[in-house]
$ cat entry_35.cif   # mmCIF, C-alpha atoms
data_entry
loop_
_atom_site.label_atom_id
_atom_site.label_comp_id
_atom_site.auth_asym_id
_atom_site.auth_seq_id
_atom_site.Cartn_x
_atom_site.Cartn_y
_atom_site.Cartn_z
CA MET A 139 0.00 0.00 0.00
CA ILE A 140 1.46 3.31 -1.04
CA THR A 141 0.46 6.37 0.93
CA VAL A 142 1.73 9.86 0.40
CA SER A 143 0.71 12.73 2.60
CA ILE A 144 0.64 16.14 0.99
CA LYS A 145 0.58 18.88 3.57
CA PRO A 146 -1.74 21.80 2.97
CA LEU A 147 0.39 24.77 1.94
CA ASN A 148 -2.31 27.38 2.52
CA LYS A 149 -2.28 27.10 6.30
CA ARG A 150 1.48 27.48 6.31
CA ARG A 151 1.30 30.54 4.14
CA TYR A 152 -0.82 32.34 6.75
CA ILE A 153 1.63 31.47 9.49
CA LEU A 154 4.40 32.85 7.31
CA LEU A 155 2.54 36.13 6.84
CA LEU A 156 2.15 36.49 10.61
CA LEU A 157 5.80 35.68 11.17
CA LEU A 158 7.06 38.74 9.30
CA PRO A 159 5.48 41.46 11.51
CA ALA A 160 6.43 39.41 14.58
CA TRP A 161 10.01 39.46 13.32
CA PHE A 162 10.05 43.24 12.94
CA LEU A 163 8.45 43.82 16.35
CA LEU A 164 10.91 41.56 18.10
CA TYR A 165 13.88 43.05 16.26
CA HIS A 166 12.74 46.60 16.99
CA TYR A 167 12.17 46.05 20.70
CA LEU A 168 15.17 43.81 21.30
CA GLN A 169 17.25 46.41 23.15
CA PRO A 170 14.51 47.49 25.65
CA LEU A 171 13.57 43.82 26.11
CA THR A 172 17.17 42.95 26.88
CA ASP A 173 17.48 45.83 29.35
CA LEU A 174 14.22 44.79 31.00
CA LEU A 175 15.49 41.25 31.39
CA VAL A 176 18.96 42.22 32.65
CA ASP A 177 18.02 45.14 34.94
CA ARG A 178 14.56 44.21 36.21
CA VAL A 179 14.27 40.42 36.03
CA PHE A 180 17.84 39.34 36.79
CA LYS A 181 18.47 42.54 38.82
CA LEU A 182 22.15 42.59 37.88
CA PRO A 183 24.18 45.58 39.11
CA ARG A 184 24.50 48.17 36.33
CA GLY A 185 27.95 48.67 34.83
CA ALA A 186 29.57 45.59 36.36
CA HIS A 187 31.75 43.47 34.05
CA LEU A 188 29.44 40.48 34.28
CA THR A 189 26.30 42.54 33.72
CA GLU A 190 27.66 44.06 30.52
CA SER A 191 28.78 40.64 29.24
CA VAL A 192 25.35 39.16 29.96
CA ARG A 193 23.61 42.14 28.34
CA PHE A 194 25.82 41.79 25.23
CA PHE A 195 25.05 38.07 24.94
CA ILE A 196 21.28 38.35 25.51
CA TYR A 197 21.04 41.14 22.94
CA GLU A 198 23.40 39.87 20.23
CA VAL A 199 22.35 36.20 20.03
CA PRO A 200 18.68 36.78 19.12
CA LYS A 201 19.65 39.77 16.94
CA VAL A 202 22.09 37.75 14.84
CA LEU A 203 19.80 34.72 14.65
CA LEU A 204 16.85 36.92 13.60
CA LEU A 205 18.95 38.61 10.91
CA LEU A 206 20.33 35.27 9.72
CA SER A 207 16.86 33.70 9.41
CA LEU A 208 15.37 36.57 7.42
CA ILE A 209 18.34 37.10 5.10
CA ILE A 210 18.90 33.39 4.46
CA PHE A 211 15.20 33.06 3.67
CA CYS A 212 15.42 35.88 1.09
CA VAL A 213 18.73 34.64 -0.33
CA GLY A 214 17.27 31.12 -0.48
CA ILE A 215 14.44 32.41 -2.66
CA ILE A 216 16.79 34.46 -4.86
CA ARG A 217 19.04 31.43 -5.34
CA THR A 218 16.20 29.41 -6.84
CA TYR A 219 16.53 31.70 -9.87
CA PHE A 220 20.19 30.77 -10.29
CA SER A 221 21.99 27.48 -10.82
CA PRO A 222 25.54 26.45 -11.67
CA GLU A 223 24.22 25.24 -15.03
CA ARG A 224 22.84 28.67 -15.91
CA THR A 225 25.97 30.36 -14.57
CA ARG A 226 28.07 28.12 -16.79
CA LYS A 227 26.00 29.06 -19.79
CA ALA A 228 26.39 32.76 -18.97
CA LEU A 229 30.17 32.40 -18.72
CA GLU A 230 30.69 30.48 -21.94
CA GLY A 231 32.65 32.42 -24.53
CA LYS A 232 33.31 35.44 -22.29
CA SER A 233 36.66 37.13 -22.67
CA LEU A 234 39.08 36.78 -19.77
CA PHE A 235 38.53 39.97 -17.79
CA THR A 236 34.77 40.26 -18.34
CA GLY A 237 34.55 36.57 -17.49
CA ASN A 238 36.38 37.13 -14.20
CA ILE A 239 34.01 39.93 -13.18
CA LEU A 240 30.89 38.02 -14.17
CA ALA A 241 32.11 34.80 -12.52
CA SER A 242 32.82 36.60 -9.24
CA LEU A 243 29.39 38.27 -9.22
CA LEU A 244 27.62 35.03 -10.10
CA GLY A 245 29.66 33.31 -7.39
CA ILE A 246 27.74 35.34 -4.80
CA VAL A 247 24.25 34.32 -5.93
CA THR A 248 24.76 30.84 -7.37
CA PRO A 249 23.96 28.08 -4.84
CA PHE A 250 27.27 26.51 -3.91
CA CYS A 251 28.56 24.12 -1.32
CA SER A 252 32.19 23.11 -1.10
CA CYS A 253 31.19 19.45 -1.44
CA SER A 254 30.03 20.28 -4.98
CA ALA A 255 33.30 22.01 -5.87
CA ILE A 256 34.55 19.05 -7.93
CA PRO A 257 31.50 18.47 -10.17
CA LEU A 258 31.29 22.24 -10.62
CA PHE A 259 34.95 22.54 -11.57
CA LEU A 260 34.64 19.63 -14.02
CA GLY A 261 31.48 21.06 -15.52
CA PHE A 262 33.09 24.47 -16.06
CA VAL A 263 36.31 23.10 -17.53
CA GLU A 264 34.45 20.71 -19.80
CA SER A 265 32.45 23.49 -21.41
CA GLY A 266 35.64 25.42 -22.14
CA ILE A 267 35.43 28.10 -19.46
CA PRO A 268 39.01 29.35 -18.87
CA LEU A 269 40.77 28.23 -15.68
CA GLY A 270 41.12 31.80 -14.40
CA VAL A 271 37.40 32.49 -14.76
CA THR A 272 36.59 29.23 -12.97
CA PHE A 273 38.87 30.30 -10.13
CA SER A 274 37.16 33.68 -9.82
CA PHE A 275 33.95 31.75 -9.20
CA LEU A 276 35.57 29.31 -6.77
CA ILE A 277 37.05 32.20 -4.75
CA ALA A 278 33.94 34.40 -4.62
CA ALA A 279 31.39 31.67 -3.95
CA PRO A 280 32.58 30.60 -0.48
CA MET A 281 34.13 33.92 0.57
CA ILE A 282 31.13 36.16 -0.04
CA ASN A 283 28.41 34.07 1.56
CA GLU A 284 25.25 35.21 3.30
CA VAL A 285 26.26 33.97 6.75
CA ALA A 286 29.47 36.01 6.79
CA VAL A 287 27.79 39.10 5.35
CA VAL A 288 24.89 38.96 7.84
CA LEU A 289 27.23 38.53 10.80
CA LEU A 290 29.37 41.44 9.61
CA PHE A 291 26.26 43.56 9.12
CA GLY A 292 24.82 42.66 12.51
CA LEU A 293 28.00 43.01 14.55
CA PHE A 294 30.08 45.59 12.65
CA GLY A 295 27.48 47.60 10.74
CA TRP A 296 26.69 47.95 7.06
CA LYS A 297 29.89 49.81 6.17
CA THR A 298 32.18 46.95 7.18
CA ALA A 299 29.87 44.43 5.51
CA LEU A 300 30.02 46.45 2.30
CA ILE A 301 33.82 46.80 2.51
CA TYR A 302 34.06 43.05 2.96
CA VAL A 303 31.89 42.32 -0.08
CA VAL A 304 33.64 44.86 -2.32
CA THR A 305 37.18 43.82 -1.36
CA GLY A 306 36.17 40.15 -1.58
CA LEU A 307 34.94 40.74 -5.13
CA PHE A 308 38.15 42.60 -5.94
CA ILE A 309 40.26 39.68 -4.71
CA ALA A 310 38.16 37.10 -6.60
CA ILE A 311 38.37 39.09 -9.84
CA THR A 312 42.09 39.89 -9.73
CA ALA A 313 43.23 36.53 -8.32
CA GLY A 314 41.26 34.71 -11.02
CA TRP A 315 42.67 37.02 -13.67
CA VAL A 316 46.26 36.50 -12.46
CA ILE A 317 45.80 32.70 -12.39
CA GLY A 318 44.38 32.92 -15.91
CA ARG A 319 47.37 34.90 -17.17
CA LEU A 320 49.84 32.42 -15.67
CA HIS A 321 48.46 29.65 -17.96
CA LEU A 322 48.57 26.86 -15.43
CA GLU A 323 46.44 24.33 -17.30
CA LYS A 324 49.36 21.88 -17.10
CA TRP A 325 48.80 21.68 -13.34
CA VAL A 326 45.26 20.44 -13.69
CA GLU A 327 45.01 16.64 -13.32
CA ASP A 328 45.08 15.03 -16.76
CA TRP A 329 41.90 13.00 -16.34
CA VAL A 330 39.91 16.21 -15.93
CA TYR A 331 40.20 16.94 -19.64
CA ARG A 332 38.97 13.46 -20.55
CA ILE A 333 35.72 13.81 -18.62
CA GLN A 334 32.60 13.60 -20.70
CA SER A 335 29.48 14.64 -18.92
CA GLY A 336 26.04 13.59 -19.99
CA ASN A 337 23.17 15.80 -20.97
CA HIS A 338 22.07 18.07 -18.21
CA PRO A 339 18.64 17.12 -16.83
CA GLU A 340 15.92 19.66 -17.47
CA ASP A 341 15.56 22.50 -15.01
CA GLU A 342 12.71 22.20 -12.57
CA VAL A 343 9.65 24.25 -13.37
CA MET A 344 9.08 26.19 -10.16
CA ARG A 345 6.06 28.12 -9.05
CA PHE A 346 6.51 30.78 -6.39
CA PRO A 347 5.22 28.73 -3.41
CA ILE A 348 7.94 26.18 -4.18
CA ARG A 349 10.57 28.94 -4.13
CA ILE A 350 9.26 30.05 -0.73
CA LYS A 351 9.51 26.47 0.46
CA ARG A 352 13.13 26.34 -0.75
CA GLY A 353 13.82 29.54 1.16
CA LEU A 354 12.45 27.98 4.34
CA GLU A 355 14.49 24.82 3.76
CA ALA A 356 17.61 26.96 3.40
CA VAL A 357 16.87 28.65 6.74
CA LYS A 358 16.37 25.30 8.44
CA GLU A 359 19.53 23.84 6.97
CA ILE A 360 21.92 26.78 7.43
CA VAL A 361 20.67 28.15 10.75
CA GLY A 362 20.52 24.57 12.03
CA LYS A 363 24.18 24.22 11.11
CA VAL A 364 25.57 27.52 12.43
CA TRP A 365 23.48 28.51 15.47
CA LEU A 366 25.75 26.75 17.93
CA TYR A 367 28.89 28.40 16.49
CA VAL A 368 27.14 31.77 16.60
CA MET A 369 26.24 31.26 20.28
CA ILE A 370 29.73 30.14 21.23
CA GLY A 371 31.28 32.98 19.23
CA ILE A 372 29.05 35.58 20.85
CA ALA A 373 29.62 34.07 24.31
CA VAL A 374 33.40 34.46 23.84
CA GLY A 375 32.82 37.91 22.36
CA ALA A 376 30.66 38.82 25.38
CA GLY A 377 33.46 37.74 27.70
CA VAL A 378 35.95 39.87 25.77
CA HIS A 379 33.47 42.75 25.73
CA GLY A 380 33.00 42.75 29.49
CA PHE A 381 36.34 41.63 30.89
CA VAL A 382 39.22 42.41 28.51
CA PRO A 383 40.71 45.86 29.17
CA GLN A 384 40.43 48.59 26.54
CA ASP A 385 43.30 48.67 23.98
CA PHE A 386 44.42 45.23 25.09
CA MET A 387 44.63 44.02 21.48
CA ALA A 388 46.40 47.12 20.20
CA SER A 389 49.91 45.79 20.82
CA PHE A 390 49.61 42.58 18.76
CA MET A 391 46.66 43.11 16.45
CA GLY A 392 46.97 46.88 16.19
CA LYS A 393 48.12 49.02 13.28
CA SER A 394 51.69 49.39 14.47
CA ALA A 395 52.32 45.64 14.38
CA TRP A 396 52.81 45.15 10.61
CA TYR A 397 53.50 41.42 10.94
CA SER A 398 50.03 40.90 12.40
CA VAL A 399 48.44 40.93 8.92
CA PRO A 400 50.40 38.00 7.39
CA LEU A 401 50.26 36.19 10.73
CA SER A 402 46.45 36.45 10.92
CA ILE A 403 46.17 35.09 7.38
CA LEU A 404 48.33 32.07 8.23
CA ILE A 405 46.35 31.38 11.39
CA GLY A 406 43.10 31.78 9.46
CA ILE A 407 43.71 29.02 6.87
CA PRO A 408 43.21 25.99 9.16
CA LEU A 409 40.34 27.65 11.07
CA TYR A 410 37.68 26.84 8.53
CA SER A 411 34.26 25.72 9.65
CA ASN A 412 33.92 28.31 12.35
CA ALA A 413 33.34 31.45 10.30
CA ALA A 414 30.05 31.90 12.16
CA GLY A 415 31.85 31.66 15.47
CA ILE A 416 34.90 33.73 14.58
CA ILE A 417 33.24 36.92 13.37
CA PRO A 418 31.61 37.69 16.76
CA VAL A 419 34.97 37.19 18.50
CA VAL A 420 36.74 39.44 16.00
CA SER A 421 34.08 42.11 16.44
CA ALA A 422 34.82 42.16 20.17
CA LEU A 423 38.59 42.28 19.49
CA ILE A 424 38.19 45.34 17.26
CA GLU A 425 36.50 47.08 20.16
CA LYS A 426 39.63 46.37 22.19
CA GLY A 427 42.06 47.92 19.75
CA ALA A 428 42.57 45.34 16.97
CA ALA A 429 43.01 47.12 13.63
CA LEU A 430 40.25 46.82 11.02
CA GLY A 431 42.62 45.77 8.21
CA THR A 432 44.17 43.01 10.30
CA SER A 433 40.75 41.78 11.42
CA LEU A 434 39.39 41.89 7.87
CA ALA A 435 42.40 39.90 6.59
CA PHE A 436 41.92 37.35 9.35
CA MET A 437 38.23 36.84 8.58
CA MET A 438 38.82 36.62 4.83
CA SER A 439 41.47 33.99 5.37
CA VAL A 440 39.21 31.98 7.69
CA ILE A 441 36.30 32.10 5.27
CA GLY A 442 37.96 32.25 1.85
CA LEU A 443 41.01 30.01 2.25
CA SER A 444 39.72 26.82 3.77
CA LEU A 445 41.80 23.72 4.24
CA PRO A 446 39.01 21.18 3.52
CA GLU A 447 38.23 22.90 0.24
CA MET A 448 41.91 22.67 -0.74
CA ILE A 449 41.86 18.96 0.08
CA ILE A 450 38.74 18.50 -2.06
CA LEU A 451 40.28 20.49 -4.94
CA ARG A 452 43.46 18.41 -4.74
CA LYS A 453 41.51 15.69 -6.60
CA VAL A 454 41.44 17.84 -9.72
CA LEU A 455 44.43 20.17 -9.23
CA LYS A 456 48.09 19.29 -8.86
CA LEU A 457 49.84 20.59 -5.76
CA PRO A 458 51.71 23.49 -7.44
CA LEU A 459 48.37 24.91 -8.59
CA ILE A 460 46.89 24.61 -5.08
CA PHE A 461 49.88 26.52 -3.69
CA THR A 462 49.64 29.13 -6.45
CA PHE A 463 45.96 29.52 -5.60
CA ILE A 464 46.72 30.00 -1.88
CA GLY A 465 49.59 32.33 -2.74
CA VAL A 466 47.62 34.57 -5.10
CA VAL A 467 44.53 34.80 -2.88
CA GLY A 468 46.69 35.22 0.23
CA THR A 469 48.57 38.12 -1.43
CA GLY A 470 45.25 39.75 -2.30
CA ILE A 471 44.08 39.47 1.31
CA LEU A 472 47.44 40.78 2.51
CA LEU A 473 47.11 43.89 0.33
CA VAL A 474 43.56 44.47 1.59
CA GLY A 475 44.76 44.14 5.18
CA PHE A 476 47.62 46.62 4.75
CA LEU A 477 45.46 49.03 2.77
CA PHE A 478 42.75 49.21 5.43
CA ASN A 479 45.27 49.55 8.23
CA MET A 480 46.70 52.51 6.33
CA ILE A 481 43.37 54.20 5.62
CA PHE A 482 41.61 53.77 8.96
CA MET B 259 12.81 -0.08 -9.68
CA GLU B 260 16.46 0.91 -9.94
CA ILE B 261 17.42 3.81 -7.63
CA LYS B 262 20.86 5.42 -7.57
CA VAL B 263 22.16 8.00 -5.12
CA LEU B 264 24.94 10.11 -6.66
CA GLY B 265 27.42 11.67 -4.30
CA THR B 266 31.10 11.78 -3.43
CA GLY B 267 30.58 11.05 0.25
CA CYS B 268 29.64 14.41 1.77
CA THR B 269 27.09 14.79 4.57
CA ASN B 270 24.27 15.75 2.22
CA CYS B 271 24.91 12.68 0.08
CA LYS B 272 24.63 10.44 3.12
CA ASN B 273 21.47 12.21 4.24
CA LEU B 274 19.90 11.69 0.83
CA GLU B 275 20.78 8.01 0.88
CA LYS B 276 19.23 7.61 4.34
CA ALA B 277 16.08 9.53 3.37
CA THR B 278 15.70 7.45 0.20
CA ILE B 279 16.07 4.17 2.09
CA ASN B 280 13.42 5.36 4.57
CA ALA B 281 11.05 6.48 1.82
CA VAL B 282 11.36 3.18 -0.03
CA ALA B 283 10.82 1.21 3.19
CA GLU B 284 7.77 3.27 4.17
CA MET B 285 6.22 2.80 0.75
CA GLY B 286 7.07 -0.87 0.70
CA LEU B 287 8.56 -0.55 -2.77
CA ASP B 288 10.53 -3.27 -4.45
CA ALA B 289 13.56 -1.18 -5.30
CA ASN B 290 17.28 -1.66 -5.60
CA ILE B 291 19.21 1.27 -4.08
CA THR B 292 22.87 1.75 -4.97
CA LYS B 293 25.33 4.52 -4.21
CA VAL B 294 27.48 5.99 -6.98
CA GLU B 295 30.63 7.60 -5.63
CA ASP B 296 32.82 7.64 -8.73
CA ILE B 297 33.04 11.23 -9.97
CA GLN B 298 33.35 10.24 -13.65
CA GLN B 299 30.14 8.23 -13.38
CA ILE B 300 28.39 11.05 -11.52
CA MET B 301 29.39 13.50 -14.26
CA SER B 302 27.90 11.19 -16.88
CA TYR B 303 24.47 12.14 -15.49
CA GLY B 304 25.12 15.77 -16.42
CA ILE B 305 24.77 17.30 -12.96
CA MET B 306 27.06 19.91 -11.42
CA ARG B 307 25.64 19.76 -7.93
CA THR B 308 25.64 16.78 -5.62
CA PRO B 309 23.82 14.87 -4.24
CA GLY B 310 21.68 13.47 -7.01
CA LEU B 311 18.84 10.97 -7.10
CA VAL B 312 18.40 8.78 -10.18
CA VAL B 313 15.32 6.63 -10.72
CA ASP B 314 15.44 4.13 -13.57
CA GLY B 315 18.23 6.04 -15.30
CA LYS B 316 16.58 9.46 -14.99
CA VAL B 317 17.83 12.26 -12.70
CA VAL B 318 14.87 13.32 -10.55
CA VAL B 319 16.54 15.52 -7.91
CA TYR B 320 19.94 17.11 -7.64
CA GLY B 321 21.75 19.68 -5.52
CA ARG B 322 19.55 19.33 -2.45
CA VAL B 323 18.20 16.82 0.04
CA PRO B 324 14.41 16.57 -0.15
CA SER B 325 12.40 15.38 2.84
CA VAL B 326 11.28 11.76 3.08
CA SER B 327 7.71 12.74 2.19
CA GLU B 328 8.91 14.63 -0.89
CA ILE B 329 10.98 11.64 -1.99
CA LYS B 330 7.82 9.51 -1.65
CA GLU B 331 5.97 11.87 -3.98
CA ILE B 332 8.86 11.79 -6.44
CA LEU B 333 8.98 7.99 -6.42
CA LEU B 334 5.20 7.86 -6.80
CA ASN B 335 5.43 10.08 -9.87
CA ALA B 336 8.17 7.88 -11.26
CA ILE B 337 5.99 4.77 -10.95
CA GLN B 338 3.10 6.28 -12.84
#

$ encode --input "entry_35.cif" --output "C-alpha cells"
Amino acid sequence: MITVSIKPLNKRRYILLLLLPAWFLLYHYLQPLTDLLVDRVFKLPRGAHLTESVRFFIYEVPKVLLLLSLIIFCVGIIRTYFSPERTRKALEGKSLFTGNILASLLGIVTPFCSCSAIPLFLGFVESGIPLGVTFSFLIAAPMINEVAVVLLFGLFGWKTALIYVVTGLFIAITAGWVIGRLHLEKWVEDWVYRIQSGNHPEDEVMRFPIRIKRGLEAVKEIVGKVWLYVMIGIAVGAGVHGFVPQDFMASFMGKSAWYSVPLSILIGIPLYSNAAGIIPVVSALIEKGAALGTSLAFMMSVIGLSLPEMIILRKVLKLPLIFTFIGVVGTGILLVGFLFNMIF
Amino acid sequence: MEIKVLGTGCTNCKNLEKATINAVAEMGLDANITKVEDIQQIMSYGIMRTPGLVVDGKVVVYGRVPSVSEIKEILLNAIQ
C-alpha cells in the first residue's frame, strides 16, 4: 500500500505572513527587552563586568539569529533563480577579464557548497570556461556568503559588511585574472580533460510557493548548522566585551604591528568551519584595539582560504596549482589588510 | 525499480541516501538502491551539484536533500 501525505500549503502561508510582523516587532524592541530582562528580572548591578557581558550576549544572540533567518530566507528564494548550469551558460565564450568579473558576481548568488566544488569545476572546464574564470567563481562563492555578510552587518554595521563584499569581489576578480594569465592548465590533473558529462537534466519548473519552500528549507539547513557556532562565538565575544581591558589588542593586532596581517592570514587558513563563530569574536577584538585591516584579513582567510576545500580540490588540481591559488589569494588578502590599516 | 544515489561522500549525500532508504521502506517498494561515488560516473548524469537521485536512469533531484515525504511523492510520480 502506497500512501503519500501532501501537507496543505495554505495554512502554512498564513503562518508565514504572521511571522514577518512578529520578526520586525521583536527586532525593533530587542534592546529594551534585553534591558528589561537584565536590569529588572535578573536585577544585575548596572555597569559591572558580568552585567555588561550578559547584556551583550542576551542582545546579540537573538539579533544575529533573527537577521540570519530573514536574510537566508530571502537569499534562499533568490538562489532558486540561479543554478551552476545557468551560470556556466552565462560564462561560456566570455573574454578573460569580463569573465572574471561576471564569474565573481555570479559566485555570490549561485547556490554553492564546497562538497560540490569538484562536479562544478569539471562542468566548467568541460564546457571550455578558462581556468582563471573558474577560479574567480571558486574564490567568490565561499568567501562572499550570506552567513558572513549577515554577521558582519549585525555586529560591525553595514559599512564593514560592504567593505568586505567589495574587497572580496576585488580579490576574486584579480586573483582569477592572475591565475588565468599564468596559464597553469598543465597543473590540472590530466583525467579532468577526458571527462565527458552527460546531458544536463531539465531545469525544474518552479512556481513561487515552491521557491518560498526552498527559502524555508535553506533557513532550516543553514541556521541549524551555524546557530551553535554563533552562540559560542558571541559568548566568547561577550566575555571579551566585558572583561578584557580597553586597547588590550592594540599591541599585537593593532596598526603598528605590521607582521600581524600575514600572521592572521596564516592562522586563518586551518580555522575553517567556524566562520560563524569567529566573526563575533573578531568584532569584540576590534573594540579592544585590533586594527580593522588586520581583522578583515583574518576573517577573509578563515572564510575564503579553507583547508578542507583545498583537500577537495586536490583531486582535480596538482599541488603546485593549489599553492599558487593559496599564494595569489593570500597576497590579495594581505594587500587588503595593509590598505585598510593605512586608511583607517 | 532501480534507484541510484549520486554523491562523493559528503554529509548531504549520506542524508539523501538515508532519506531514500526510509522512503522506499515506508512505501514498501521493491527497489534496488545503490550509491554511486565515482566522480566520472556522476558526471555522466550531467549534474554539477551533488547529491543526485536517479530513478530508472533518470535524474529526478539534484543539488539538495528533499524530505522523506517529498521523496515519496517523487517515487510515486516515477511509478506512474

$ interface_residues --input "entry_35.cif" --of "chain B" --to "chain A" --cutoff "6 Å" --atoms "only C-alpha atoms" --output "number ranges by chain"
B: 285, 301-308

$ resolve_selection --input "entry_35.cif" --expression "the PyMOL selection byres ((chain A and resi 323) around 10)" --output "PyMOL selection string"
chain A and resi 268-270+317-318+320-322+324-328+331+455-456+459

$ write_last_selection --input "entry_35.cif" --atoms "C-alpha atoms" --output "compact mmCIF listing (two decimals), keeping the file's coordinate frame"
# COMPACT_ATOMS: atom_id res chain seq x y z
CA PRO A 268 39.01 29.35 -18.87
CA LEU A 269 40.77 28.23 -15.68
CA GLY A 270 41.12 31.80 -14.40
CA ILE A 317 45.80 32.70 -12.39
CA GLY A 318 44.38 32.92 -15.91
CA LEU A 320 49.84 32.42 -15.67
CA HIS A 321 48.46 29.65 -17.96
CA LEU A 322 48.57 26.86 -15.43
CA LYS A 324 49.36 21.88 -17.10
CA TRP A 325 48.80 21.68 -13.34
CA VAL A 326 45.26 20.44 -13.69
CA GLU A 327 45.01 16.64 -13.32
CA ASP A 328 45.08 15.03 -16.76
CA TYR A 331 40.20 16.94 -19.64
CA LEU A 455 44.43 20.17 -9.23
CA LYS A 456 48.09 19.29 -8.86
CA LEU A 459 48.37 24.91 -8.59

$ residues_around --input "entry_35.cif" --residues "region 393-399 of chain A" --least-positions-apart "3" --cutoff "7 Å" --atoms "all atoms listed in the file" --output "list in words"
Ser389, Phe390, Ser402, Ile403, Ala429, Thr432, Ala435, Leu472, Gly475 and Asn479 of chain A

$ resolve_selection --input "entry_35.cif" --expression "the PyMOL selection byres ((chain B and resi 323-326) around 12)" --output "ChimeraX atom specification"
/A:142-144,351-352,355-356,359 /B:263-265,268-285,307-311,318-322,327-333

$ resolve_selection --input "entry_35.cif" --expression "the PyMOL selection byres ((chain A and resi 313) around 10)" --output "PyMOL selection string"
chain A and resi 238+270-271+273-274+277+307-312+314-319+462-470

$ atom_distance --input "entry_35.cif" --atom1 "CA of Leu477 (chain A)" --atom2 "CA of Ile301 (chain A)"
11.9 Å

$ atom_distance --input "entry_35.cif" --atom1 "CA of Lys363 (chain A)" --atom2 "CA of Asn283 (chain A)"
14.4 Å

$ closest_residue --input "entry_35.cif" --among "A:Arg224, A:His166, A:Arg349, A:Arg217" --to "Pro200 (chain A)" --atoms "all atoms listed in the file"
A:His166

$ closest_residue --input "entry_35.cif" --among "A:Ala186, A:Leu171, A:Ala241, A:Ile416" --to "Thr272 (chain A)" --atoms "all atoms listed in the file"
A:Ala241

$ atom_distance --input "entry_35.cif" --atom1 "CA of Ser439 (chain A)" --atom2 "CA of Ile297 (chain B)"
28.7 Å

$ closest_residue --input "entry_35.cif" --among "A:Ile424, A:Val357, A:Met281, A:Met369" --to "Ala388 (chain A)" --atoms "all atoms listed in the file"
A:Ile424

$ closest_residue --input "entry_35.cif" --among "A:Val343, A:Ile407, A:Cys212, A:Leu203" --to "Met437 (chain A)" --atoms "only C-alpha atoms"
A:Ile407

$ residues_around --input "entry_35.cif" --residues "Ile261 (chain B)" --least-positions-apart "5" --cutoff "7 Å" --atoms "all atoms listed in the file" --output "list in words"
Ala289, Asn290, Ile291, Thr292, Val312, Val313 and Asp314 of chain B

$ closest_residue --input "entry_35.cif" --among "A:Leu409, A:Ala414, A:Leu154, A:Leu244" --to "Leu208 (chain A)" --atoms "all atoms listed in the file"
A:Leu154

$ closest_residue --input "entry_35.cif" --among "A:Pro347, A:Gly431, A:Pro383, A:Gly353" --to "Ile215 (chain A)" --atoms "only C-alpha atoms"
A:Gly353

$ axis_aligned_box --input "entry_35.cif" --around "region 300-316 of chain B" --padding-each-side "3 Å" --output "JSON"
{"center_x": 22.4, "center_y": 12.0, "center_z": -10.6, "size_x": 20.1, "size_y": 21.8, "size_z": 18.6}

$ residues_near_point --input "entry_35.cif" --point "(30.3, 37.1, 29.9)" --cutoff "7 Å" --atoms "only C-alpha atoms" --output "VMD selection string"
chain A and resid 188 191 to 192 373 376 to 377 380

$ build_atoms --input "entry_35.cif" --residues "region 294-305 of chain B" --atoms "N, CA and C atoms" --output "JSON list (two decimals), in the coordinates of the input"
[["chain", "number", "residue", "atom", "x", "y", "z"],
["B", 294, "VAL", "N", 26.45, 5.76, -5.97],
["B", 294, "VAL", "CA", 27.48, 5.99, -6.98],
["B", 294, "VAL", "C", 28.44, 7.05, -6.45],
["B", 295, "GLU", "N", 29.68, 6.65, -6.19],
["B", 295, "GLU", "CA", 30.63, 7.60, -5.63],
["B", 295, "GLU", "C", 31.70, 8.02, -6.63],
["B", 296, "ASP", "N", 31.80, 7.31, -7.75],
["B", 296, "ASP", "CA", 32.82, 7.64, -8.73],
["B", 296, "ASP", "C", 32.44, 8.92, -9.48],
["B", 297, "ILE", "N", 33.35, 9.90, -9.43],
["B", 297, "ILE", "CA", 33.04, 11.23, -9.97],
["B", 297, "ILE", "C", 32.79, 11.18, -11.49],
["B", 298, "GLN", "N", 33.55, 10.31, -12.20],
["B", 298, "GLN", "CA", 33.35, 10.24, -13.65],
["B", 298, "GLN", "C", 31.95, 9.73, -13.98],
["B", 299, "GLN", "N", 31.50, 8.75, -13.17],
["B", 299, "GLN", "CA", 30.14, 8.23, -13.38],
["B", 299, "GLN", "C", 29.09, 9.28, -13.03],
["B", 300, "ILE", "N", 29.35, 10.02, -11.92],
["B", 300, "ILE", "CA", 28.39, 11.05, -11.52],
["B", 300, "ILE", "C", 28.26, 12.09, -12.63],
["B", 301, "MET", "N", 29.41, 12.49, -13.21],
["B", 301, "MET", "CA", 29.39, 13.50, -14.26],
["B", 301, "MET", "C", 28.61, 13.02, -15.48],
["B", 302, "SER", "N", 28.57, 11.70, -15.69],
["B", 302, "SER", "CA", 27.90, 11.19, -16.88],
["B", 302, "SER", "C", 26.39, 11.44, -16.81],
["B", 303, "TYR", "N", 25.88, 11.79, -15.61],
["B", 303, "TYR", "CA", 24.47, 12.14, -15.49],
["B", 303, "TYR", "C", 24.21, 13.62, -15.75],
["B", 304, "GLY", "N", 25.29, 14.37, -16.02],
["B", 304, "GLY", "CA", 25.12, 15.77, -16.42],
["B", 304, "GLY", "C", 24.78, 16.73, -15.29],
["B", 305, "ILE", "N", 25.06, 16.37, -14.04],
["B", 305, "ILE", "CA", 24.77, 17.30, -12.96],
["B", 305, "ILE", "C", 26.04, 17.96, -12.45]]
